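Visitor: First the structure, then my questions, so here it is.
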Amino acid sequence: MYSPNKNRPKRKTRRPVNISQHEFAKGYISTIANSRRPLNSLADLTNMEIVQDSIPRPRPSLVAYGTQPTLPVIGRGKYTKNKVRYEIFMLNDSGVGKVYTRQDGGAFTLIGGSYSVTEWAGFVQSNNRVYIFNGVDKLSYFNLQTSAIVTYTALTTPGTPTPTKTGLSGTTWTYYYKVSANNAVGTSTASSAGSVTVGKTRDNWNATSDFVTVTWSLVSGATSYNVYVGDQSGNEKLVTTTTGLSFVDDGSLTPDPFTLAPDGNSTDGPVLTWLYNDSHNAQLFGVDLNNNLYYSAAGTGDFSPYDGGGFVPIDEYGDSILNFVDGFRDGKGTPVITCSARGSAGKGKMFHVTFDTLTYGDQVIIYANVYEANGQSAPYSPRAVVKARDSLWYPTGLDFKSTGTSQNVMNILTTNSIAQVIEPDVQAISLAYLHKAVGVEYQDKIFFALPVNSTENNQIWYIDLARKNLWVLRWTVSAKDLWLYEDSAGNTHFCALVNDRILEFTRAVATEDDGTAFETRVAYSSLVWDEDGLVMANIRKQYYKLLNAKGQISISVYGLDKDGASNSIGSETFLQSISFTGIGVWDYSGAYKYGDDVGTISGFAKSIGSKKVKINAKMINQLDWEITTDGKDCDYLLSAVRTIGTTNDRRLLGD
């Protein structure tokens, strides 16, 4: 006999579902598939950030900072003069790059210059000079003492010198003399040789009666001259440097055996793609497209090898391209110069450079010693390399890396992946345009502006070092540049260059960028009630606890039915139009910067908002939820989400 209740699930097959999500310490994760997602992670954090004890909040807004440029921005930097901080920019003025400065967001002041507009320009301060480089134009600098742009001009090759002997009768030996000219950045090509025949070798000359007077003509722009001597043509070596137009060679000076008369001209300065100033001795280091590392004499911008500068090829015939140099450390913690060379397919190399000495007789020779660091990865964009927590952090094209130290037989520098939880997103970065990426560290977070399926930077991602390296993706901000500027009052401005407008992140307004509302979304996918993710359940309701909610906030819930189809099963809207009063970021009338102290909240509206969402599906396998905003003046802290229902252990997905 048929009983209508015989197939009803017994009570013991039903279990309560009571799932609480009140912190999201793992941040955004895309590598782990849905239904296996940790409860304290999120599937989306569009225009959100993780704050306090790992709970979501809409990100800061962007507002205009100071006077806006009227021309396209093609370069940016900063410098300090007389303990006052300035910003320095290069603007595209009708196809010509010109340098401008401003202080505390004030008016732009034209400095001058004439530069290519095809590449981004960088600025590096060393003493009273701000050096300008862009990978196209020769190195130049802004002289802070004269407020003028100084462009290095190539010196002409000196004319053939005239050697005249005194004493030294006879014609047994011939000596050859050459001259090169120096300026502030290098040395000219050496002249052709002037020769003189003498009856004694230089070692046997009497300084009072036997000597050769060498004279030459003035070279416009030269600050000094190098004189070379040799007993074979083409083998002349440096014997002295002088500021005059003559030299008396009495044989008492020993030529430098390592310094031949130059056959190239370096007086117009190198063309550098990246430049670094070592702050402890004001020594400049730069790289060019020919895989050369240039280094200046300490305290100057002089790259002449005769004045303590020079260059050294790195991976000269390899398959990588030098693109970055900075002062860092090796695996033992020893301060060294560190270079990176970008390779193909996200690979590359890192090199350490030390400066060692070699003594030859009474000559002390300083030379660059280059050795490869451990690991086969390097940054694609030098502007996206961020130094924080004694490590370098950067995108490689296939990954995000940080440098660390491993102890083995000896300490070595290693490059470790920090992007294991966002691998699908990393694959969407446009490798061909990754050289435009930029990065900055602020409040223990490292922000990267990246081109994601785009030819230009169109998203900001950040990794939070203070919260165990959780990731937050994605802020829909097309930032060509990111930087920090501290004004004269000591306020730090976290700035972004967006569509040639200089904007700063702030809590003074909510969910709007430069006057336009932006959408936010925080989402979880997919909530399950058993370790296999197969059991069906009757979810009756959800509760959402919002702290200090403001504006219109939408909540939507979706469920997976027994056939695997996703359906909308509930939605609610939270609306709070009364703003809070008191001190801190919740007082939206104040001009609060990103990161300002929260302060004490005191208000007349409720500081806690709770919203119940009724679920209209009888049986689902998993549940997705999202919270969105799409208007201005919205804000909240997502304190908790609780999901309540009962399972039916006899009904599984696919039955």
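In the structure tokens, chains take letters A, B, ... by order of appearance, with residues numbered from 1 within each chain and ligands from 1 in the order shown.
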Range 250-445 of chain A: which residues are strand (DSSP E) by DSSP, as a ChimeraX atom specification?
Guide: /A:274-278,283-287,292-295,310-313,321-329,335-342,348-360,363-372,386-388,391-395,400-407,411-417,438-442,445
Visitor: Using only C-alpha atoms, determine which residues lie at most 7 Å from Gln103 in chain A, disregarding the query and same-chain residues fewer than 4 positions distant; provide the list as a short mmCIF file (atom, residue, chain, number, x, y, z; two decimals) with N, CA and C atoms, in the first residue's frame.
Guide:
data_model
loop_
_atom_site.label_atom_id
_atom_site.label_comp_id
_atom_site.auth_asym_id
_atom_site.auth_seq_id
_atom_site.Cartn_x
_atom_site.Cartn_y
_atom_site.Cartn_z
N ARG A 85 59.80 71.27 -0.62
CA ARG A 85 59.57 70.20 -1.58
C ARG A 85 58.78 70.71 -2.79
N TYR A 86 59.20 70.26 -3.95
CA TYR A 86 58.55 70.66 -5.20
C TYR A 86 58.22 69.42 -6.02
N GLU A 87 57.25 69.57 -6.90
CA GLU A 87 57.01 68.59 -7.96
C GLU A 87 57.59 69.15 -9.25
#
Visitor: Hey, what's within 12 Å of Phe447 in chain A if we count only C-alpha atoms and toss same-chain stuff fewer than 3 positions away? As a ChimeraX atom specification, please?
Guide: /A:49,383-388,393-395,437-444,450,459-465,471-475,477,479,481-484,494-496
Visitor: Between A:Tyr306, A:Trp205, A:Tyr28, A:Tyr558, which is the closest to Asn621 in chain A once you count only C-alpha atoms?
Guide: A:Tyr558
Visitor: For Ala368 in chain A, list every protein, DNA or RNA residue within 10 Å, evaluated using only C-alpha atoms, and leave out those in the same chain fewer than 2 positions away; present the list as a ChimeraX atom specification.
Guide: /A:293,295,310-313,353-357,366,370-371
Visitor: Mind writing the picked residues with C-alpha atoms as a PDB file, in the first residue's frame?
Guide:
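Final file, result_32.pdb:
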ATOM      1  CA  LEU A 293      75.789  50.621 -16.814  1.00  0.00           C
ATOM      2  CA  TYR A 295      78.530  55.481 -13.220  1.00  0.00           C
ATOM      3  CA  GLY A 310      82.888  55.284 -16.674  1.00  0.00           C
ATOM      4  CA  PHE A 311      80.647  52.482 -17.854  1.00  0.00           C
ATOM      5  CA  VAL A 312      80.633  48.704 -17.904  1.00  0.00           C
ATOM      6  CA  PRO A 313      78.714  46.410 -20.305  1.00  0.00           C
ATOM      7  CA  VAL A 353      77.827  45.496  -9.103  1.00  0.00           C
ATOM      8  CA  THR A 354      80.624  46.299  -6.654  1.00  0.00           C
ATOM      9  CA  PHE A 355      83.593  48.593  -7.162  1.00  0.00           C
ATOM     10  CA  ASP A 356      86.891  46.962  -6.337  1.00  0.00           C
ATOM     11  CA  THR A 357      90.477  48.251  -6.437  1.00  0.00           C
ATOM     12  CA  ILE A 366      89.049  51.216  -9.461  1.00  0.00           C
ATOM     13  CA  VAL A 370      79.657  42.494 -12.079  1.00  0.00           C
ATOM     14  CA  TYR A 371      78.154  39.193 -10.967  1.00  0.00           C
TER      15      TYR A 371
END
Visitor: Residues at most 12 Å from Lys83 in chain A, counting only C-alpha atoms, excluding those fewer than 6 positions away in the same chain, as number ranges by chain?
Guide: A: 128, 486-488
Visitor: Which of these residues is nearest to Val136 in chain A, using only C-alpha atoms: A:Val421, A:Val117, A:Ile32, A:Met536?
Guide: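 Result for the nearest residue to Val136 in chain A: A:Val117.
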Visitor: Go through A:Ser296, A:Gln125, A:Ser279, A:Ser147 and flag the residue nearest Asp326 in chain A, using only C-alpha atoms for the distances.
Guide: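 Residue with the minimum atom-to-atom distance to Asp326 in chain A: A:Ser279.
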Visitor: Could you name the residues that touch Asn648 in chain A at 8 Å or less, counting only C-alpha atoms, but leaving out those on the same chain fewer than 3 positions away, as a list in words?
Guide: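 Contacts, in chain order: Pro9, Thr13, Arg14, Arg15, Val535, Met536, Ala537, Asn538 and Arg651 of chain A.
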Visitor: How would the residues just picked look written out with all heavy atoms as a PDB file, in the first residue's frame?
Guide:
ATOM      1  N   PRO A   9      12.244  13.015   3.431  1.00  0.00           N
ATOM      2  CA  PRO A   9      13.507  12.855   4.152  1.00  0.00           C
ATOM      3  C   PRO A   9      13.284  12.843   5.651  1.00  0.00           C
ATOM      4  O   PRO A   9      12.477  13.609   6.184  1.00  0.00           O
ATOM      5  CB  PRO A   9      14.312  14.094   3.727  1.00  0.00           C
ATOM      6  CG  PRO A   9      13.695  14.532   2.440  1.00  0.00           C
ATOM      7  CD  PRO A   9      12.248  14.171   2.549  1.00  0.00           C
ATOM      8  N   THR A  13      18.263  13.495   8.412  1.00  0.00           N
ATOM      9  CA  THR A  13      19.033  13.835   7.219  1.00  0.00           C
ATOM     10  C   THR A  13      19.126  15.345   7.023  1.00  0.00           C
ATOM     11  O   THR A  13      19.767  15.798   6.091  1.00  0.00           O
ATOM     12  CB  THR A  13      18.392  13.222   5.972  1.00  0.00           C
ATOM     13  OG1 THR A  13      17.126  13.841   5.736  1.00  0.00           O
ATOM     14  CG2 THR A  13      18.245  11.726   6.114  1.00  0.00           C
ATOM     15  N   ARG A  14      18.449  16.117   7.876  1.00  0.00           N
ATOM     16  CA  ARG A  14      18.503  17.572   7.765  1.00  0.00           C
ATOM     17  C   ARG A  14      19.457  18.115   8.822  1.00  0.00           C
ATOM     18  O   ARG A  14      19.401  17.732   9.978  1.00  0.00           O
ATOM     19  CB  ARG A  14      17.107  18.177   7.974  1.00  0.00           C
ATOM     20  CG  ARG A  14      16.088  17.729   6.942  1.00  0.00           C
ATOM     21  CD  ARG A  14      14.727  18.332   7.250  1.00  0.00           C
ATOM     22  NE  ARG A  14      13.730  17.875   6.310  1.00  0.00           N
ATOM     23  CZ  ARG A  14      13.456  18.477   5.151  1.00  0.00           C
ATOM     24  NH1 ARG A  14      14.119  19.571   4.814  1.00  0.00           N
ATOM     25  NH2 ARG A  14      12.536  17.993   4.343  1.00  0.00           N
ATOM     26  N   ARG A  15      20.320  19.013   8.375  1.00  0.00           N
ATOM     27  CA  ARG A  15      21.247  19.673   9.300  1.00  0.00           C
ATOM     28  C   ARG A  15      21.099  21.173   9.145  1.00  0.00           C
ATOM     29  O   ARG A  15      20.826  21.666   8.053  1.00  0.00           O
ATOM     30  CB  ARG A  15      22.690  19.276   8.995  1.00  0.00           C
ATOM     31  CG  ARG A  15      23.006  17.822   9.287  1.00  0.00           C
ATOM     32  CD  ARG A  15      24.466  17.503   8.975  1.00  0.00           C
ATOM     33  NE  ARG A  15      24.739  17.545   7.535  1.00  0.00           N
ATOM     34  CZ  ARG A  15      25.410  18.511   6.913  1.00  0.00           C
ATOM     35  NH1 ARG A  15      25.856  19.553   7.594  1.00  0.00           N
ATOM     36  NH2 ARG A  15      25.622  18.461   5.612  1.00  0.00           N
ATOM     37  N   VAL A 535      25.896  18.758  -1.518  1.00  0.00           N
ATOM     38  CA  VAL A 535      24.625  18.668  -0.803  1.00  0.00           C
ATOM     39  C   VAL A 535      23.739  19.864  -1.137  1.00  0.00           C
ATOM     40  O   VAL A 535      24.196  21.002  -1.208  1.00  0.00           O
ATOM     41  CB  VAL A 535      24.875  18.588   0.713  1.00  0.00           C
ATOM     42  CG1 VAL A 535      23.568  18.711   1.495  1.00  0.00           C
ATOM     43  CG2 VAL A 535      25.576  17.278   1.053  1.00  0.00           C
ATOM     44  N   MET A 536      22.447  19.583  -1.345  1.00  0.00           N
ATOM     45  CA  MET A 536      21.454  20.628  -1.565  1.00  0.00           C
ATOM     46  C   MET A 536      20.967  21.149  -0.208  1.00  0.00           C
ATOM     47  O   MET A 536      21.039  20.451   0.805  1.00  0.00           O
ATOM     48  CB  MET A 536      20.269  20.083  -2.356  1.00  0.00           C
ATOM     49  CG  MET A 536      20.654  19.404  -3.673  1.00  0.00           C
ATOM     50  SD  MET A 536      21.410  20.521  -4.873  1.00  0.00           S
ATOM     51  CE  MET A 536      19.975  21.484  -5.358  1.00  0.00           C
ATOM     52  N   ALA A 537      20.471  22.385  -0.215  1.00  0.00           N
ATOM     53  CA  ALA A 537      19.991  22.963   1.042  1.00  0.00           C
ATOM     54  C   ALA A 537      18.857  23.938   0.768  1.00  0.00           C
ATOM     55  O   ALA A 537      18.741  24.508  -0.326  1.00  0.00           O
ATOM     56  CB  ALA A 537      21.126  23.673   1.767  1.00  0.00           C
ATOM     57  N   ASN A 538      18.040  24.111   1.760  1.00  0.00           N
ATOM     58  CA  ASN A 538      16.987  25.115   1.732  1.00  0.00           C
ATOM     59  C   ASN A 538      17.481  26.313   2.549  1.00  0.00           C
ATOM     60  O   ASN A 538      17.455  26.292   3.775  1.00  0.00           O
ATOM     61  CB  ASN A 538      15.696  24.540   2.320  1.00  0.00           C
ATOM     62  CG  ASN A 538      14.569  25.566   2.308  1.00  0.00           C
ATOM     63  OD1 ASN A 538      14.682  26.614   1.683  1.00  0.00           O
ATOM     64  ND2 ASN A 538      13.493  25.253   3.014  1.00  0.00           N
ATOM     65  N   ARG A 651      19.697  14.739  -0.945  1.00  0.00           N
ATOM     66  CA  ARG A 651      19.584  15.312  -2.282  1.00  0.00           C
ATOM     67  C   ARG A 651      20.912  15.970  -2.636  1.00  0.00           C
ATOM     68  O   ARG A 651      21.389  16.874  -1.935  1.00  0.00           O
ATOM     69  CB  ARG A 651      18.449  16.339  -2.334  1.00  0.00           C
ATOM     70  CG  ARG A 651      17.089  15.724  -2.048  1.00  0.00           C
ATOM     71  CD  ARG A 651      15.983  16.687  -2.367  1.00  0.00           C
ATOM     72  NE  ARG A 651      15.960  17.033  -3.796  1.00  0.00           N
ATOM     73  CZ  ARG A 651      15.066  17.857  -4.337  1.00  0.00           C
ATOM     74  NH1 ARG A 651      14.156  18.434  -3.569  1.00  0.00           N
ATOM     75  NH2 ARG A 651      15.092  18.116  -5.629  1.00  0.00           N
TER      76      ARG A 651
END
Visitor: Could you name the residues that touch Pro161 in chain A at 9 Å or less, counting only C-alpha atoms, but leaving out those on the same chain fewer than 6 positions away, as a PyMOL selection string?
Guide: chain A and resi 177-179+191-195+214-217
Visitor: Next, the residues of the selection above should be written as a PDB file, in the first residue's frame with C-alpha atoms.
Guide:
ATOM      1  CA  TYR A 177     101.431  63.175 -28.074  1.00  0.00           C
ATOM      2  CA  LYS A 178      97.632  63.391 -28.201  1.00  0.00           C
ATOM      3  CA  VAL A 179      95.142  65.645 -26.434  1.00  0.00           C
ATOM      4  CA  SER A 191      93.326  64.406 -31.376  1.00  0.00           C
ATOM      5  CA  SER A 192      95.625  63.012 -33.993  1.00  0.00           C
ATOM      6  CA  ALA A 193      99.174  62.600 -32.709  1.00  0.00           C
ATOM      7  CA  GLY A 194     101.884  65.214 -32.843  1.00  0.00           C
ATOM      8  CA  SER A 195     105.381  63.696 -32.766  1.00  0.00           C
ATOM      9  CA  VAL A 214     103.298  70.396 -25.775  1.00  0.00           C
ATOM     10  CA  THR A 215     100.835  73.109 -26.881  1.00  0.00           C
ATOM     11  CA  TRP A 216      97.347  72.955 -28.405  1.00  0.00           C
ATOM     12  CA  SER A 217      94.417  75.160 -29.336  1.00  0.00           C
TER      13      SER A 217
END
Visitor: Between A:Ser209, A:Thr67, A:Asn143, A:Ser340, single out the one closest to Thr109 in chain A, counting only C-alpha atoms.
Guide: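 Counting only C-alpha atoms, the residue closest to Thr109 in chain A is A:Thr67.
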Visitor: Could you check the closest approach to Val185 in chain A for each of A:Pro38, A:Gly170, A:Gly269, A:Pro262 and tell me which residue wins, using only C-alpha atoms?
Guide: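 Checking each of A:Pro38, A:Gly170, A:Gly269, A:Pro262 against Val185 in chain A, counting only C-alpha atoms, the winner is A:Gly269.
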Visitor: Given the choices A:Pro158, A:Thr197, A:Ala43, A:Ala378, which gets closest to Ser220 in chain A if the distance is worked out from only C-alpha atoms?
Guide: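 Of A:Pro158, A:Thr197, A:Ala43, A:Ala378, the one nearest Ser220 in chain A, counting only C-alpha atoms, is A:Pro158.
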